[in-house]
There are 2 protein chains.
Amino acid sequence: MHSLPETFPPLILASRSPRRRKLLSEIGFNLEIADIDVDESFPEHLKGGEVAAYLAGKKALAYGVMPEDKVLVCADTIVVLGEEVINKPADAADAARMLSALSGHTHRVFTGVCLRRGDEILVFTESTEVEFRAIRPDEIDYYISEYQPFDKAGSYGIQDWLGYTCVTAVRGCFYNVMGFPMARFYRELQAFCKGKD
Amino acid sequence: MHSLPETFPPLILASRSPRRRKLLSEIGFNLEIADIDVDESFPEHLKGGEVAAYLAGKKALAYGVMPEDKVLVCADTIVVLGEEVINKPADAADAARMLSALSGHTHRVFTGVCLRRGDEILVFTESTEVEFRAIRPDEIDYYISEYQPFDKAGSYGIQDWLGYTCVTAVRGCFYNVMGFPMARFYRELQAFCKGKD
């Protein structure tokens, strides 16, 4: 267990993602997990990163009264191919459809993050480009049955077989593709907390 | 433990890096580890990626008689800032010098990989750009004492505090920065083994 080089308030992470939990706890953040359920629909006129930011903010507002000394962290990750917003797959057929669409193309991953403390709230969005090689249909079938990527936007994990062998390049923050833009978050959290402790 | 979607010969990985081992074994490669000691000096006229390719090839040739049915995999990762080739740090002062040089700049990571089987040998190199934010001297001191990055080219790990909070962007293969260009390796290995089994 590592400690951080400076002091941050305890975080309340409202996310079921084990990846977000791991990224934050691994480097020493003091973390409490909250379960916030929101309807993940969004206004149709929103585009790309606006959807991720909207859903992160929606989760943050759904949390009740904030404890004074803690920072609530909410996040939402979506995949965008051309104009299409791709969220989590409904089932295996939906996952196969998503992966066939992403195969051989470059898509964007947007993570919206919302920080809330007392009566202050901050939302930011990070975007990363991800380039896929052409993925054969038998590889897509193999991947879905072997890795069951149903809890992942776009139906893939950058940290498993598909990410290892089919992602030829990323442009931007890698951890953003894993679901949390660590470097940006760290910088924003420093600024958000400055002078308040 | 996962299985792969197609059959590959067993690999002999000549590397002490736990990261390379993890990347390959995690997705189901049948792996044997070999310890190959070579003098890591290189001809002075070599530049950037040529150094990584040269050292990977040197390791592969230092391995004795090859078992017919296995593929030897050797790799070498270096960091290049401007014209300077940066390898592993000698000590904490050397690590601090390296990280101060990388702070606020973009550098390149080159991994050279050599595949050897029977009398065939193949060398390739992958390059990734890594962008660092400005890192404060106290953060550098913290990082070196907390993470002891002495076994890492450039004195940092993309998968620890420094990689999480100081790397603002990568351009290219992320796993290449971790020491092994997985997607490129997978494609090269497929071609290298084709029609031989």
# chains A, B, ... in the order shown; residues from 1 in each chain; ligands from 1
call {"tool": "select_by_dssp", "arguments": {"residues": "segment 22-135 of chain A", "states": "alpha helix (DSSP H)", "output": "count of residues only"}}
result
30
call {"tool": "interface_residues", "arguments": {"of": "chain B", "to": "chain A", "cutoff": "6 Å", "atoms": "only C-alpha atoms", "output": "mmCIF file with C-alpha atoms, in the first residue's frame"}}
result
data_model
loop_
_atom_site.group_PDB
_atom_site.id
_atom_site.type_symbol
_atom_site.label_atom_id
_atom_site.label_comp_id
_atom_site.auth_asym_id
_atom_site.auth_seq_id
_atom_site.Cartn_x
_atom_site.Cartn_y
_atom_site.Cartn_z
ATOM 1 C CA ILE B 27 -4.078 -13.739 -21.807
ATOM 2 C CA TRP B 161 1.858 6.840 -9.264
ATOM 3 C CA TYR B 164 -1.187 7.657 -13.270
ATOM 4 C CA THR B 165 -0.735 11.287 -12.295
ATOM 5 C CA CYS B 166 2.032 12.780 -14.467
ATOM 6 C CA THR B 168 -0.966 13.566 -19.677
ATOM 7 C CA ALA B 169 -0.976 11.678 -22.997
ATOM 8 C CA VAL B 170 0.544 8.790 -24.906
ATOM 9 C CA ARG B 171 0.558 8.467 -28.683
ATOM 10 C CA GLY B 172 0.955 4.893 -29.915
ATOM 11 C CA CYS B 173 0.925 1.536 -28.142
ATOM 12 C CA MET B 182 1.522 -6.482 -27.262
ATOM 13 C CA ALA B 183 -0.596 -5.780 -30.380
#
call {"tool": "atom_distance", "arguments": {"atom1": "atom CA of Ile78 of chain A", "atom2": "atom CA of Thr106 of chain B"}}
result
27.7 Å
call {"tool": "select_by_dssp", "arguments": {"residues": "segment 46-101 of chain B", "states": "strand (DSSP E or B)", "output": "list in words"}}
result
Val71, Leu72, Val73, Cys74, Ala75, Asp76, Thr77, Ile78, Val79, Val80, Leu81, Glu84, Val85 and Ile86 of chain B
call {"tool": "closest_residue", "arguments": {"among": "B:Leu72, B:Ala191, B:Leu81, B:Val177", "to": "Gly118 of chain B", "atoms": "only C-alpha atoms"}}
result
B:Leu72
call {"tool": "closest_residue", "arguments": {"among": "B:Thr111, B:Asn87, B:Ser155, B:Thr7", "to": "Arg20 of chain B", "atoms": "only C-alpha atoms"}}
result
B:Thr111
call {"tool": "atom_distance", "arguments": {"atom1": "atom CA of Ser25 of chain B", "atom2": "atom CA of Leu13 of chain B"}}
result
10.4 Å
call {"tool": "residues_around", "arguments": {"residues": "Phe124 of chain B", "least_positions_apart": "5", "cutoff": "7 Å", "atoms": "only C-alpha atoms", "output": "ChimeraX atom specification"}}
result
/B:53,112-114
call {"tool": "write_last_selection", "arguments": {"atoms": "N, CA and C atoms", "output": "PDB file, in the first residue's frame"}}
result
ATOM      1  N   ALA B  53      16.527  -2.451 -30.706  1.00  0.00           N
ATOM      2  CA  ALA B  53      16.543  -3.606 -31.598  1.00  0.00           C
ATOM      3  C   ALA B  53      17.864  -4.366 -31.467  1.00  0.00           C
ATOM      4  N   GLY B 112      12.462  -2.875 -28.570  1.00  0.00           N
ATOM      5  CA  GLY B 112      12.911  -3.783 -29.621  1.00  0.00           C
ATOM      6  C   GLY B 112      12.527  -5.187 -29.182  1.00  0.00           C
ATOM      7  N   VAL B 113      11.967  -5.970 -30.110  1.00  0.00           N
ATOM      8  CA  VAL B 113      11.592  -7.349 -29.792  1.00  0.00           C
ATOM      9  C   VAL B 113      12.270  -8.269 -30.802  1.00  0.00           C
ATOM     10  N   CYS B 114      12.830  -9.369 -30.311  1.00  0.00           N
ATOM     11  CA  CYS B 114      13.431 -10.347 -31.211  1.00  0.00           C
ATOM     12  C   CYS B 114      12.763 -11.702 -30.996  1.00  0.00           C
TER      13      CYS B 114
END
call {"tool": "atom_distance", "arguments": {"atom1": "atom CA of Gly57 of chain A", "atom2": "atom CA of Ala90 of chain A"}}
result
23.5 Å
call {"tool": "residues_around", "arguments": {"residues": "segment 119-123 of chain A", "least_positions_apart": "5", "cutoff": "10 Å", "atoms": "only C-alpha atoms", "output": "PyMOL selection string"}}
result
chain A and resi 52-54+56-57+60-61+66+68+71-75+112-114+188-189+192
call {"tool": "write_last_selection", "arguments": {"atoms": "C-alpha atoms", "output": "CSV table (one decimal), in the first residue's frame"}}
result
chain,number,residue,atom,x,y,z
A,52,ALA,CA,-20.5,11.6,-20.3
A,53,ALA,CA,-20.5,14.9,-18.5
A,54,TYR,CA,-24.2,15.0,-18.2
A,56,ALA,CA,-21.5,12.1,-14.3
A,57,GLY,CA,-23.3,15.2,-13.0
A,60,ALA,CA,-23.5,13.5,-8.3
A,61,LEU,CA,-26.8,15.3,-7.8
A,66,MET,CA,-22.8,15.6,1.5
A,68,GLU,CA,-18.6,18.4,4.9
A,71,VAL,CA,-15.3,14.8,-1.9
A,72,LEU,CA,-17.8,12.9,-4.0
A,73,VAL,CA,-16.4,11.5,-7.2
A,74,CYS,CA,-18.8,10.4,-10.0
A,75,ALA,CA,-17.8,9.3,-13.5
A,112,GLY,CA,-17.0,12.7,-17.7
A,113,VAL,CA,-16.0,13.2,-14.1
A,114,CYS,CA,-17.9,15.2,-11.5
A,188,GLU,CA,-8.4,19.0,-11.0
A,189,LEU,CA,-8.7,17.6,-7.5
A,192,PHE,CA,-10.6,21.8,-6.2
